[in-house]
>>> print(open('upload-v3.cif').read())   # mmCIF, N, CA and C atoms
data_protein
#
loop_
_atom_site.label_atom_id
_atom_site.label_comp_id
_atom_site.auth_asym_id
_atom_site.auth_seq_id
_atom_site.Cartn_x
_atom_site.Cartn_y
_atom_site.Cartn_z
N MET T 1 2.91 -7.32 8.87
CA MET T 1 1.77 -7.41 7.98
C MET T 1 1.54 -6.04 7.34
N GLU T 2 1.24 -6.04 6.06
CA GLU T 2 1.06 -4.79 5.33
C GLU T 2 -0.31 -4.19 5.59
N SER T 3 -0.43 -2.93 5.22
CA SER T 3 -1.69 -2.21 5.36
C SER T 3 -2.82 -2.90 4.58
N PHE T 4 -2.52 -3.37 3.37
CA PHE T 4 -3.51 -4.08 2.56
C PHE T 4 -4.06 -5.28 3.33
N ASP T 5 -3.16 -6.08 3.87
CA ASP T 5 -3.56 -7.27 4.62
C ASP T 5 -4.43 -6.90 5.83
N LEU T 6 -4.04 -5.85 6.54
CA LEU T 6 -4.80 -5.42 7.72
C LEU T 6 -6.19 -4.95 7.33
N GLN T 7 -6.27 -4.21 6.22
CA GLN T 7 -7.58 -3.73 5.75
C GLN T 7 -8.50 -4.90 5.43
N VAL T 8 -7.99 -5.89 4.70
CA VAL T 8 -8.79 -7.04 4.31
C VAL T 8 -9.17 -7.86 5.54
N LYS T 9 -8.21 -8.07 6.46
CA LYS T 9 -8.50 -8.84 7.68
C LYS T 9 -9.60 -8.17 8.50
N GLU T 10 -9.56 -6.85 8.59
CA GLU T 10 -10.59 -6.13 9.33
C GLU T 10 -11.97 -6.35 8.70
N ILE T 11 -12.04 -6.27 7.39
CA ILE T 11 -13.31 -6.49 6.69
C ILE T 11 -13.80 -7.91 6.90
N LYS T 12 -12.89 -8.89 6.79
CA LYS T 12 -13.28 -10.28 7.01
C LYS T 12 -13.74 -10.51 8.45
N ASP T 13 -13.05 -9.92 9.41
CA ASP T 13 -13.41 -10.10 10.82
C ASP T 13 -14.78 -9.50 11.15
N ARG T 14 -15.19 -8.48 10.39
CA ARG T 14 -16.46 -7.79 10.65
C ARG T 14 -17.56 -8.22 9.68
N GLU T 15 -17.31 -9.27 8.92
CA GLU T 15 -18.24 -9.71 7.88
C GLU T 15 -19.65 -9.95 8.40
N LYS T 16 -19.77 -10.49 9.60
CA LYS T 16 -21.09 -10.82 10.14
C LYS T 16 -21.75 -9.63 10.85
N GLU T 17 -21.03 -8.52 11.00
CA GLU T 17 -21.55 -7.36 11.72
C GLU T 17 -22.48 -6.50 10.88
N LYS T 18 -22.08 -6.24 9.64
CA LYS T 18 -22.83 -5.32 8.78
C LYS T 18 -22.86 -5.86 7.36
N GLU T 19 -23.94 -5.53 6.66
CA GLU T 19 -24.07 -5.98 5.28
C GLU T 19 -22.95 -5.41 4.40
N LEU T 20 -22.49 -4.19 4.68
CA LEU T 20 -21.41 -3.60 3.90
C LEU T 20 -20.17 -4.48 3.93
N TYR T 21 -19.83 -5.00 5.09
CA TYR T 21 -18.65 -5.86 5.21
C TYR T 21 -18.90 -7.22 4.57
N SER T 22 -20.09 -7.75 4.73
CA SER T 22 -20.44 -9.03 4.12
C SER T 22 -20.39 -8.93 2.60
N LEU T 23 -20.97 -7.88 2.05
CA LEU T 23 -20.97 -7.68 0.61
C LEU T 23 -19.55 -7.42 0.09
N SER T 24 -18.77 -6.69 0.86
CA SER T 24 -17.37 -6.44 0.48
C SER T 24 -16.59 -7.75 0.42
N CYS T 25 -16.80 -8.62 1.40
CA CYS T 25 -16.14 -9.94 1.38
C CYS T 25 -16.58 -10.75 0.16
N ASP T 26 -17.86 -10.68 -0.18
CA ASP T 26 -18.33 -11.42 -1.35
C ASP T 26 -17.69 -10.89 -2.63
N ILE T 27 -17.53 -9.59 -2.73
CA ILE T 27 -16.86 -9.01 -3.90
C ILE T 27 -15.43 -9.52 -3.96
N LEU T 28 -14.74 -9.53 -2.83
CA LEU T 28 -13.36 -10.01 -2.81
C LEU T 28 -13.29 -11.50 -3.14
N ARG T 29 -14.25 -12.28 -2.66
CA ARG T 29 -14.30 -13.71 -3.03
C ARG T 29 -14.46 -13.86 -4.54
N ALA T 30 -15.37 -13.09 -5.11
CA ALA T 30 -15.59 -13.16 -6.56
C ALA T 30 -14.32 -12.78 -7.32
N LEU T 31 -13.61 -11.78 -6.85
CA LEU T 31 -12.38 -11.37 -7.53
C LEU T 31 -11.26 -12.40 -7.36
N VAL T 32 -11.25 -13.12 -6.26
CA VAL T 32 -10.30 -14.23 -6.12
C VAL T 32 -10.63 -15.29 -7.17
N ILE T 33 -11.90 -15.64 -7.28
CA ILE T 33 -12.35 -16.65 -8.26
C ILE T 33 -12.00 -16.21 -9.67
N LEU T 34 -12.14 -14.91 -9.95
CA LEU T 34 -11.89 -14.36 -11.29
C LEU T 34 -10.43 -13.94 -11.48
N TYR T 35 -9.56 -14.37 -10.60
CA TYR T 35 -8.11 -14.11 -10.68
C TYR T 35 -7.75 -12.63 -10.70
N GLY T 36 -8.50 -11.84 -9.92
CA GLY T 36 -8.07 -10.49 -9.64
C GLY T 36 -8.69 -9.36 -10.42
N SER T 37 -9.39 -9.65 -11.51
CA SER T 37 -10.00 -8.57 -12.26
C SER T 37 -11.22 -9.06 -13.01
N ALA T 38 -12.15 -8.13 -13.24
CA ALA T 38 -13.38 -8.52 -13.93
C ALA T 38 -14.11 -7.28 -14.44
N TRP T 39 -14.77 -7.48 -15.57
CA TRP T 39 -15.74 -6.49 -16.03
C TRP T 39 -16.92 -6.56 -15.07
N HIS T 40 -17.66 -5.48 -14.97
CA HIS T 40 -18.75 -5.40 -14.00
C HIS T 40 -19.77 -6.52 -14.18
N ASP T 41 -20.14 -6.83 -15.41
CA ASP T 41 -21.14 -7.89 -15.63
C ASP T 41 -20.61 -9.26 -15.23
N GLU T 42 -19.32 -9.50 -15.41
CA GLU T 42 -18.72 -10.77 -14.98
C GLU T 42 -18.72 -10.87 -13.45
N LEU T 43 -18.44 -9.75 -12.80
CA LEU T 43 -18.46 -9.70 -11.34
C LEU T 43 -19.87 -10.00 -10.83
N LEU T 44 -20.89 -9.39 -11.46
CA LEU T 44 -22.27 -9.63 -11.05
C LEU T 44 -22.67 -11.10 -11.21
N THR T 45 -22.26 -11.70 -12.32
CA THR T 45 -22.58 -13.12 -12.55
C THR T 45 -21.96 -14.00 -11.48
N THR T 46 -20.70 -13.77 -11.17
CA THR T 46 -20.01 -14.56 -10.16
C THR T 46 -20.62 -14.34 -8.77
N LEU T 47 -20.95 -13.09 -8.45
CA LEU T 47 -21.59 -12.80 -7.17
C LEU T 47 -22.95 -13.51 -7.07
N SER T 48 -23.72 -13.48 -8.13
CA SER T 48 -25.01 -14.14 -8.14
C SER T 48 -24.86 -15.64 -7.88
N GLU T 49 -23.85 -16.25 -8.49
CA GLU T 49 -23.60 -17.67 -8.28
C GLU T 49 -23.16 -17.95 -6.84
N LEU T 50 -22.31 -17.08 -6.29
CA LEU T 50 -21.88 -17.23 -4.89
C LEU T 50 -23.07 -17.10 -3.94
N TRP T 51 -23.92 -16.11 -4.18
CA TRP T 51 -25.07 -15.90 -3.31
C TRP T 51 -26.04 -17.08 -3.39
N SER T 52 -26.18 -17.64 -4.56
CA SER T 52 -27.04 -18.81 -4.71
C SER T 52 -26.48 -19.98 -3.90
N LEU T 53 -25.17 -20.20 -4.00
CA LEU T 53 -24.53 -21.26 -3.22
C LEU T 53 -24.58 -20.98 -1.72
N GLY T 54 -24.58 -19.70 -1.37
CA GLY T 54 -24.62 -19.31 0.03
C GLY T 54 -26.01 -19.38 0.64
N GLY T 55 -27.01 -19.73 -0.18
CA GLY T 55 -28.36 -19.91 0.33
C GLY T 55 -29.21 -18.65 0.39
N PHE T 56 -28.78 -17.59 -0.28
CA PHE T 56 -29.58 -16.36 -0.29
C PHE T 56 -30.80 -16.53 -1.17
N SER T 57 -31.92 -16.00 -0.72
CA SER T 57 -33.13 -16.03 -1.53
C SER T 57 -33.00 -15.03 -2.68
N LEU T 58 -33.89 -15.12 -3.64
CA LEU T 58 -33.88 -14.20 -4.77
C LEU T 58 -34.04 -12.76 -4.28
N GLU T 59 -34.91 -12.54 -3.32
CA GLU T 59 -35.13 -11.20 -2.78
C GLU T 59 -33.85 -10.67 -2.12
N ASP T 60 -33.16 -11.53 -1.37
CA ASP T 60 -31.90 -11.12 -0.73
C ASP T 60 -30.84 -10.79 -1.78
N ARG T 61 -30.78 -11.58 -2.84
CA ARG T 61 -29.79 -11.32 -3.90
C ARG T 61 -30.07 -10.00 -4.59
N ILE T 62 -31.34 -9.69 -4.83
CA ILE T 62 -31.70 -8.41 -5.45
C ILE T 62 -31.31 -7.26 -4.54
N GLU T 63 -31.57 -7.41 -3.25
CA GLU T 63 -31.22 -6.37 -2.27
C GLU T 63 -29.70 -6.17 -2.20
N ARG T 64 -28.96 -7.25 -2.22
CA ARG T 64 -27.49 -7.16 -2.18
C ARG T 64 -26.97 -6.47 -3.44
N GLU T 65 -27.57 -6.78 -4.57
CA GLU T 65 -27.13 -6.15 -5.82
C GLU T 65 -27.37 -4.64 -5.78
N LYS T 66 -28.45 -4.22 -5.13
CA LYS T 66 -28.74 -2.78 -5.01
C LYS T 66 -27.65 -2.07 -4.21
N ASN T 67 -27.04 -2.76 -3.26
CA ASN T 67 -26.01 -2.16 -2.39
C ASN T 67 -24.59 -2.39 -2.90
N LEU T 68 -24.47 -2.95 -4.08
CA LEU T 68 -23.16 -3.29 -4.63
C LEU T 68 -22.28 -2.07 -4.85
N GLU T 69 -22.84 -1.00 -5.37
CA GLU T 69 -22.04 0.21 -5.64
C GLU T 69 -21.42 0.77 -4.37
N GLU T 70 -22.18 0.76 -3.28
CA GLU T 70 -21.66 1.25 -2.00
C GLU T 70 -20.46 0.42 -1.55
N ALA T 71 -20.55 -0.89 -1.69
CA ALA T 71 -19.45 -1.78 -1.29
C ALA T 71 -18.24 -1.59 -2.21
N LEU T 72 -18.47 -1.41 -3.50
CA LEU T 72 -17.36 -1.16 -4.42
C LEU T 72 -16.65 0.15 -4.08
N LYS T 73 -17.41 1.19 -3.77
CA LYS T 73 -16.81 2.47 -3.37
C LYS T 73 -16.01 2.31 -2.08
N PHE T 74 -16.55 1.54 -1.14
CA PHE T 74 -15.87 1.27 0.13
C PHE T 74 -14.53 0.59 -0.11
N LEU T 75 -14.51 -0.46 -0.94
CA LEU T 75 -13.27 -1.19 -1.23
C LEU T 75 -12.27 -0.31 -1.97
N ASN T 76 -12.75 0.55 -2.86
CA ASN T 76 -11.88 1.49 -3.55
C ASN T 76 -11.27 2.48 -2.56
N SER T 77 -12.09 3.00 -1.64
CA SER T 77 -11.60 3.98 -0.67
C SER T 77 -10.55 3.39 0.27
N LYS T 78 -10.63 2.07 0.51
CA LYS T 78 -9.67 1.38 1.37
C LYS T 78 -8.38 1.02 0.63
N GLY T 79 -8.36 1.21 -0.68
CA GLY T 79 -7.17 0.87 -1.46
C GLY T 79 -7.01 -0.62 -1.70
N ILE T 80 -8.12 -1.35 -1.68
CA ILE T 80 -8.08 -2.79 -1.88
C ILE T 80 -8.33 -3.14 -3.34
N ILE T 81 -9.24 -2.43 -3.96
CA ILE T 81 -9.49 -2.61 -5.39
C ILE T 81 -9.45 -1.26 -6.10
N LYS T 82 -9.39 -1.33 -7.40
CA LYS T 82 -9.47 -0.13 -8.23
C LYS T 82 -10.55 -0.39 -9.26
N SER T 83 -11.55 0.49 -9.29
CA SER T 83 -12.61 0.41 -10.28
C SER T 83 -12.47 1.60 -11.21
N GLU T 84 -12.54 1.32 -12.50
CA GLU T 84 -12.42 2.39 -13.48
C GLU T 84 -13.19 2.02 -14.74
N LYS T 85 -13.53 3.04 -15.52
CA LYS T 85 -14.19 2.81 -16.80
C LYS T 85 -13.11 2.53 -17.83
N ARG T 86 -13.34 1.47 -18.62
CA ARG T 86 -12.42 1.11 -19.69
C ARG T 86 -13.23 0.80 -20.94
N MET T 87 -12.56 0.86 -22.06
CA MET T 87 -13.21 0.51 -23.31
C MET T 87 -13.20 -1.02 -23.45
N ARG T 88 -14.38 -1.55 -23.78
CA ARG T 88 -14.53 -2.99 -23.94
C ARG T 88 -15.10 -3.28 -25.32
N GLY T 89 -14.41 -4.14 -26.03
CA GLY T 89 -14.86 -4.50 -27.37
C GLY T 89 -15.63 -5.81 -27.38
N TYR T 90 -16.53 -5.93 -28.32
CA TYR T 90 -17.33 -7.14 -28.53
C TYR T 90 -17.23 -7.53 -29.99
N LEU T 91 -17.14 -8.81 -30.25
CA LEU T 91 -17.05 -9.27 -31.63
C LEU T 91 -18.30 -8.93 -32.43
N GLU T 92 -19.46 -8.96 -31.78
CA GLU T 92 -20.71 -8.75 -32.50
C GLU T 92 -21.11 -7.28 -32.63
N ARG T 93 -20.30 -6.37 -32.10
CA ARG T 93 -20.60 -4.94 -32.18
C ARG T 93 -19.55 -4.21 -33.01
N GLU T 94 -19.98 -3.13 -33.62
CA GLU T 94 -19.06 -2.34 -34.43
C GLU T 94 -18.07 -1.54 -33.59
N LYS T 95 -18.56 -1.02 -32.47
CA LYS T 95 -17.74 -0.14 -31.65
C LYS T 95 -17.60 -0.69 -30.24
N ALA T 96 -16.49 -0.31 -29.63
CA ALA T 96 -16.28 -0.63 -28.21
C ALA T 96 -17.14 0.30 -27.36
N SER T 97 -17.45 -0.13 -26.16
CA SER T 97 -18.21 0.71 -25.24
C SER T 97 -17.46 0.83 -23.92
N GLU T 98 -17.70 1.92 -23.23
CA GLU T 98 -17.04 2.15 -21.96
C GLU T 98 -17.82 1.43 -20.85
N GLU T 99 -17.12 0.57 -20.10
CA GLU T 99 -17.75 -0.22 -19.05
C GLU T 99 -16.85 -0.27 -17.81
N PRO T 100 -17.45 -0.45 -16.62
CA PRO T 100 -16.64 -0.54 -15.40
C PRO T 100 -15.79 -1.82 -15.37
N PHE T 101 -14.55 -1.66 -14.92
CA PHE T 101 -13.61 -2.77 -14.78
C PHE T 101 -13.03 -2.69 -13.37
N HIS T 102 -13.01 -3.82 -12.67
CA HIS T 102 -12.57 -3.86 -11.28
C HIS T 102 -11.32 -4.73 -11.16
N THR T 103 -10.32 -4.23 -10.43
CA THR T 103 -9.05 -4.94 -10.27
C THR T 103 -8.62 -4.92 -8.80
N VAL T 104 -8.17 -6.06 -8.31
CA VAL T 104 -7.58 -6.14 -6.97
C VAL T 104 -6.16 -5.58 -7.06
N LEU T 105 -5.77 -4.79 -6.07
CA LEU T 105 -4.44 -4.18 -6.13
C LEU T 105 -3.32 -5.12 -5.70
N LYS T 106 -3.63 -6.12 -4.87
CA LYS T 106 -2.60 -7.09 -4.45
C LYS T 106 -3.22 -8.49 -4.45
N LEU T 107 -3.28 -9.08 -5.64
CA LEU T 107 -3.96 -10.36 -5.80
C LEU T 107 -3.33 -11.47 -4.97
N SER T 108 -2.01 -11.58 -4.96
CA SER T 108 -1.39 -12.69 -4.21
C SER T 108 -1.71 -12.61 -2.72
N SER T 109 -1.75 -11.40 -2.17
CA SER T 109 -2.13 -11.24 -0.76
C SER T 109 -3.58 -11.63 -0.55
N LEU T 110 -4.46 -11.22 -1.47
CA LEU T 110 -5.88 -11.54 -1.33
C LEU T 110 -6.12 -13.05 -1.42
N ILE T 111 -5.44 -13.71 -2.34
CA ILE T 111 -5.57 -15.17 -2.47
C ILE T 111 -5.14 -15.85 -1.16
N ARG T 112 -4.04 -15.37 -0.60
CA ARG T 112 -3.55 -15.94 0.66
C ARG T 112 -4.56 -15.71 1.79
N LEU T 113 -5.13 -14.51 1.87
CA LEU T 113 -6.05 -14.18 2.94
C LEU T 113 -7.38 -14.95 2.83
N PHE T 114 -7.75 -15.35 1.61
CA PHE T 114 -8.99 -16.09 1.40
C PHE T 114 -8.74 -17.58 1.14
N SER T 115 -7.51 -18.04 1.37
CA SER T 115 -7.24 -19.46 1.17
C SER T 115 -8.06 -20.26 2.19
N GLY T 116 -8.64 -21.32 1.73
CA GLY T 116 -9.46 -22.15 2.60
C GLY T 116 -10.86 -21.62 2.84
N ASP T 117 -11.25 -20.55 2.16
CA ASP T 117 -12.58 -19.98 2.33
C ASP T 117 -13.63 -21.00 1.87
N ALA T 118 -14.58 -21.31 2.74
CA ALA T 118 -15.57 -22.36 2.47
C ALA T 118 -16.43 -22.05 1.25
N LEU T 119 -16.84 -20.79 1.08
CA LEU T 119 -17.71 -20.45 -0.04
C LEU T 119 -16.96 -20.51 -1.37
N ILE T 120 -15.72 -20.07 -1.39
CA ILE T 120 -14.91 -20.17 -2.61
C ILE T 120 -14.70 -21.64 -2.97
N ASN T 121 -14.40 -22.46 -1.96
CA ASN T 121 -14.20 -23.89 -2.22
C ASN T 121 -15.48 -24.54 -2.75
N ARG T 122 -16.62 -24.17 -2.16
CA ARG T 122 -17.90 -24.71 -2.63
C ARG T 122 -18.18 -24.28 -4.08
N TYR T 123 -17.86 -23.02 -4.40
CA TYR T 123 -18.05 -22.51 -5.76
C TYR T 123 -17.18 -23.32 -6.75
N ARG T 124 -15.94 -23.53 -6.40
CA ARG T 124 -15.03 -24.25 -7.29
C ARG T 124 -15.47 -25.70 -7.49
N ARG T 125 -15.91 -26.34 -6.43
CA ARG T 125 -16.42 -27.71 -6.56
C ARG T 125 -17.66 -27.75 -7.45
N ALA T 126 -18.57 -26.82 -7.25
CA ALA T 126 -19.80 -26.78 -8.05
C ALA T 126 -19.50 -26.50 -9.51
N SER T 127 -18.55 -25.62 -9.77
CA SER T 127 -18.23 -25.30 -11.17
C SER T 127 -17.52 -26.46 -11.88
N MET T 128 -16.92 -27.35 -11.10
CA MET T 128 -16.24 -28.51 -11.69
C MET T 128 -17.15 -29.73 -11.71
N GLY T 129 -18.37 -29.58 -11.20
CA GLY T 129 -19.34 -30.67 -11.26
C GLY T 129 -19.26 -31.67 -10.13
N TYR T 130 -18.60 -31.31 -9.03
CA TYR T 130 -18.49 -32.24 -7.89
C TYR T 130 -19.68 -32.06 -6.96
#
>>> encode(input="upload-v3.cif", output="structure tokens")
Amino acid sequence: MESFDLQVKEIKDREKEKELYSLSCDILRALVILYGSAWHDELLTTLSELWSLGGFSLEDRIEREKNLEEALKFLNSKGIIKSEKRMRGYLEREKASEEPFHTVLKLSSLIRLFSGDALINRYRRASMGY
């Protein structure tokens, strides 16, 4: 098993121990749903939808969002994701703006490690109207 796999397995195994691990797992779930990369606002939207499906109250979701940067730094330090500022263009704006972009470094491994995840499955069913 590779170092990437071990790092992710450790985070998943400790998900219920600390909010940092729980939030990190949610970020990884969102990136699986988003096929490995997302602009920061897309990541936030997907996380909010996951938290809603997971039964978190509005207050809990606000608190989790406040701790998001710490979890993103943690995942970056572990070599699981890469977050960087990139130029993003919009059709309705004259100029592009610099915004955070997050990418999983080994998407196929992450998809395998989160296969069968109940929250991801619930999200996919809900998004398809089941």
>>> residues_around(input="upload-v3.cif", residues="Glu99 of chain T", least_positions_apart="5", cutoff="10 Å", atoms="only C-alpha atoms", output="list in words")
Trp39, His40, Asp41, Glu84, Lys85, Arg86, Met87, Arg88 and Gly89 of chain T
>>> write_last_selection(input="upload-v3.cif", atoms="N, CA and C atoms", output="PDB file, in the coordinates of the input")
ATOM      1  N   TRP T  39     -14.770  -7.480 -15.570  1.00  0.00           N
ATOM      2  CA  TRP T  39     -15.740  -6.490 -16.030  1.00  0.00           C
ATOM      3  C   TRP T  39     -16.920  -6.560 -15.070  1.00  0.00           C
ATOM      4  N   HIS T  40     -17.660  -5.480 -14.970  1.00  0.00           N
ATOM      5  CA  HIS T  40     -18.750  -5.400 -14.000  1.00  0.00           C
ATOM      6  C   HIS T  40     -19.770  -6.520 -14.180  1.00  0.00           C
ATOM      7  N   ASP T  41     -20.140  -6.830 -15.410  1.00  0.00           N
ATOM      8  CA  ASP T  41     -21.140  -7.890 -15.630  1.00  0.00           C
ATOM      9  C   ASP T  41     -20.610  -9.260 -15.230  1.00  0.00           C
ATOM     10  N   GLU T  84     -12.540   1.320 -12.500  1.00  0.00           N
ATOM     11  CA  GLU T  84     -12.420   2.390 -13.480  1.00  0.00           C
ATOM     12  C   GLU T  84     -13.190   2.020 -14.740  1.00  0.00           C
ATOM     13  N   LYS T  85     -13.530   3.040 -15.520  1.00  0.00           N
ATOM     14  CA  LYS T  85     -14.190   2.810 -16.800  1.00  0.00           C
ATOM     15  C   LYS T  85     -13.110   2.530 -17.830  1.00  0.00           C
ATOM     16  N   ARG T  86     -13.340   1.470 -18.620  1.00  0.00           N
ATOM     17  CA  ARG T  86     -12.420   1.110 -19.690  1.00  0.00           C
ATOM     18  C   ARG T  86     -13.230   0.800 -20.940  1.00  0.00           C
ATOM     19  N   MET T  87     -12.560   0.860 -22.060  1.00  0.00           N
ATOM     20  CA  MET T  87     -13.210   0.510 -23.310  1.00  0.00           C
ATOM     21  C   MET T  87     -13.200  -1.020 -23.450  1.00  0.00           C
ATOM     22  N   ARG T  88     -14.380  -1.550 -23.780  1.00  0.00           N
ATOM     23  CA  ARG T  88     -14.530  -2.990 -23.940  1.00  0.00           C
ATOM     24  C   ARG T  88     -15.100  -3.280 -25.320  1.00  0.00           C
ATOM     25  N   GLY T  89     -14.410  -4.140 -26.030  1.00  0.00           N
ATOM     26  CA  GLY T  89     -14.860  -4.500 -27.370  1.00  0.00           C
ATOM     27  C   GLY T  89     -15.630  -5.810 -27.380  1.00  0.00           C
TER      28      GLY T  89
END
>>> residues_near_point(input="upload-v3.cif", point="(-28.9, -14.6, -7.1)", cutoff="8 Å", atoms="all atoms listed in the file", output="list in words")
Leu47, Ser48, Glu49, Leu50, Trp51, Ser52, Leu53, Phe56, Ser57, Leu58, Glu59, Asp60, Arg61 and Ile62 of chain T
>>> resolve_selection(input="upload-v3.cif", expression="the PyMOL selection byres (((chain T and resi 111 and name CA) around 10) and name CA)", output="MDAnalysis selection string")
chainID T and resid 28:29 31:33 35:36 106:110 112:117
>>> atom_distance(input="upload-v3.cif", atom1="atom CA of Leu34 of chain T", atom2="atom CA of Ile120 of chain T")
10.9 Å
>>> residues_around(input="upload-v3.cif", residues="Glu15 of chain T", least_positions_apart="5", cutoff="7 Å", atoms="only C-alpha atoms", output="PDB file with N, CA and C atoms, in the coordinates of the input")
ATOM      1  N   TYR T  21     -19.830  -5.000   5.090  1.00  0.00           N
ATOM      2  CA  TYR T  21     -18.650  -5.860   5.210  1.00  0.00           C
ATOM      3  C   TYR T  21     -18.900  -7.220   4.570  1.00  0.00           C
ATOM      4  N   SER T  22     -20.090  -7.750   4.730  1.00  0.00           N
ATOM      5  CA  SER T  22     -20.440  -9.030   4.120  1.00  0.00           C
ATOM      6  C   SER T  22     -20.390  -8.930   2.600  1.00  0.00           C
ATOM      7  N   CYS T  25     -16.800  -8.620   1.400  1.00  0.00           N
ATOM      8  CA  CYS T  25     -16.140  -9.940   1.380  1.00  0.00           C
ATOM      9  C   CYS T  25     -16.580 -10.750   0.160  1.00  0.00           C
TER      10      CYS T  25
END
>>> resolve_selection(input="upload-v3.cif", expression="the PyMOL selection byres (((chain T and resi 11 and name CA) around 12) and name CA)", output="JSON list (two decimals) with N, CA and C atoms, in the coordinates of the input")
[["chain", "number", "residue", "atom", "x", "y", "z"],
["T", 4, "PHE", "N", -2.52, -3.37, 3.37],
["T", 4, "PHE", "CA", -3.51, -4.08, 2.56],
["T", 4, "PHE", "C", -4.06, -5.28, 3.33],
["T", 5, "ASP", "N", -3.16, -6.08, 3.87],
["T", 5, "ASP", "CA", -3.56, -7.27, 4.62],
["T", 5, "ASP", "C", -4.43, -6.90, 5.83],
["T", 6, "LEU", "N", -4.04, -5.85, 6.54],
["T", 6, "LEU", "CA", -4.80, -5.42, 7.72],
["T", 6, "LEU", "C", -6.19, -4.95, 7.33],
["T", 7, "GLN", "N", -6.27, -4.21, 6.22],
["T", 7, "GLN", "CA", -7.58, -3.73, 5.75],
["T", 7, "GLN", "C", -8.50, -4.90, 5.43],
["T", 8, "VAL", "N", -7.99, -5.89, 4.70],
["T", 8, "VAL", "CA", -8.79, -7.04, 4.31],
["T", 8, "VAL", "C", -9.17, -7.86, 5.54],
["T", 9, "LYS", "N", -8.21, -8.07, 6.46],
["T", 9, "LYS", "CA", -8.50, -8.84, 7.68],
["T", 9, "LYS", "C", -9.60, -8.17, 8.50],
["T", 10, "GLU", "N", -9.56, -6.85, 8.59],
["T", 10, "GLU", "CA", -10.59, -6.13, 9.33],
["T", 10, "GLU", "C", -11.97, -6.35, 8.70],
["T", 12, "LYS", "N", -12.89, -8.89, 6.79],
["T", 12, "LYS", "CA", -13.28, -10.28, 7.01],
["T", 12, "LYS", "C", -13.74, -10.51, 8.45],
["T", 13, "ASP", "N", -13.05, -9.92, 9.41],
["T", 13, "ASP", "CA", -13.41, -10.10, 10.82],
["T", 13, "ASP", "C", -14.78, -9.50, 11.15],
["T", 14, "ARG", "N", -15.19, -8.48, 10.39],
["T", 14, "ARG", "CA", -16.46, -7.79, 10.65],
["T", 14, "ARG", "C", -17.56, -8.22, 9.68],
["T", 15, "GLU", "N", -17.31, -9.27, 8.92],
["T", 15, "GLU", "CA", -18.24, -9.71, 7.88],
["T", 15, "GLU", "C", -19.65, -9.95, 8.40],
["T", 16, "LYS", "N", -19.77, -10.49, 9.60],
["T", 16, "LYS", "CA", -21.09, -10.82, 10.14],
["T", 16, "LYS", "C", -21.75, -9.63, 10.85],
["T", 17, "GLU", "N", -21.03, -8.52, 11.00],
["T", 17, "GLU", "CA", -21.55, -7.36, 11.72],
["T", 17, "GLU", "C", -22.48, -6.50, 10.88],
["T", 18, "LYS", "N", -22.08, -6.24, 9.64],
["T", 18, "LYS", "CA", -22.83, -5.32, 8.78],
["T", 18, "LYS", "C", -22.86, -5.86, 7.36],
["T", 19, "GLU", "N", -23.94, -5.53, 6.66],
["T", 19, "GLU", "CA", -24.07, -5.98, 5.28],
["T", 19, "GLU", "C", -22.95, -5.41, 4.40],
["T", 20, "LEU", "N", -22.49, -4.19, 4.68],
["T", 20, "LEU", "CA", -21.41, -3.60, 3.90],
["T", 20, "LEU", "C", -20.17, -4.48, 3.93],
["T", 21, "TYR", "N", -19.83, -5.00, 5.09],
["T", 21, "TYR", "CA", -18.65, -5.86, 5.21],
["T", 21, "TYR", "C", -18.90, -7.22, 4.57],
["T", 22, "SER", "N", -20.09, -7.75, 4.73],
["T", 22, "SER", "CA", -20.44, -9.03, 4.12],
["T", 22, "SER", "C", -20.39, -8.93, 2.60],
["T", 23, "LEU", "N", -20.97, -7.88, 2.05],
["T", 23, "LEU", "CA", -20.97, -7.68, 0.61],
["T", 23, "LEU", "C", -19.55, -7.42, 0.09],
["T", 24, "SER", "N", -18.77, -6.69, 0.86],
["T", 24, "SER", "CA", -17.37, -6.44, 0.48],
["T", 24, "SER", "C", -16.59, -7.75, 0.42],
["T", 25, "CYS", "N", -16.80, -8.62, 1.40],
["T", 25, "CYS", "CA", -16.14, -9.94, 1.38],
["T", 25, "CYS", "C", -16.58, -10.75, 0.16],
["T", 26, "ASP", "N", -17.86, -10.68, -0.18],
["T", 26, "ASP", "CA", -18.33, -11.42, -1.35],
["T", 26, "ASP", "C", -17.69, -10.89, -2.63],
["T", 27, "ILE", "N", -17.53, -9.59, -2.73],
["T", 27, "ILE", "CA", -16.86, -9.01, -3.90],
["T", 27, "ILE", "C", -15.43, -9.52, -3.96],
["T", 28, "LEU", "N", -14.74, -9.53, -2.83],
["T", 28, "LEU", "CA", -13.36, -10.01, -2.81],
["T", 28, "LEU", "C", -13.29, -11.50, -3.14],
["T", 71, "ALA", "N", -20.55, -0.89, -1.69],
["T", 71, "ALA", "CA", -19.45, -1.78, -1.29],
["T", 71, "ALA", "C", -18.24, -1.59, -2.21],
["T", 74, "PHE", "N", -16.55, 1.54, -1.14],
["T", 74, "PHE", "CA", -15.87, 1.27, 0.13],
["T", 74, "PHE", "C", -14.53, 0.59, -0.11],
["T", 75, "LEU", "N", -14.51, -0.46, -0.94],
["T", 75, "LEU", "CA", -13.27, -1.19, -1.23],
["T", 75, "LEU", "C", -12.27, -0.31, -1.97],
["T", 78, "LYS", "N", -10.63, 2.07, 0.51],
["T", 78, "LYS", "CA", -9.67, 1.38, 1.37],
["T", 78, "LYS", "C", -8.38, 1.02, 0.63],
["T", 80, "ILE", "N", -8.12, -1.35, -1.68],
["T", 80, "ILE", "CA", -8.08, -2.79, -1.88],
["T", 80, "ILE", "C", -8.33, -3.14, -3.34],
["T", 113, "LEU", "N", -5.13, -14.51, 1.87],
["T", 113, "LEU", "CA", -6.05, -14.18, 2.94],
["T", 113, "LEU", "C", -7.38, -14.95, 2.83],
["T", 114, "PHE", "N", -7.75, -15.35, 1.61],
["T", 114, "PHE", "CA", -8.99, -16.09, 1.40],
["T", 114, "PHE", "C", -8.74, -17.58, 1.14]]
>>> select_by_dssp(input="upload-v3.cif", residues="segment 64-118 of chain T", states="strand (DSSP E or B)", output="number ranges by chain")
T: 81-88, 97-104
>>> select_by_dssp(input="upload-v3.cif", residues="segment 19-102 of chain T", states="helix (DSSP H, G or I)", output="PyMOL selection string")
chain T and resi 19-33+40-53+58-66+68-77
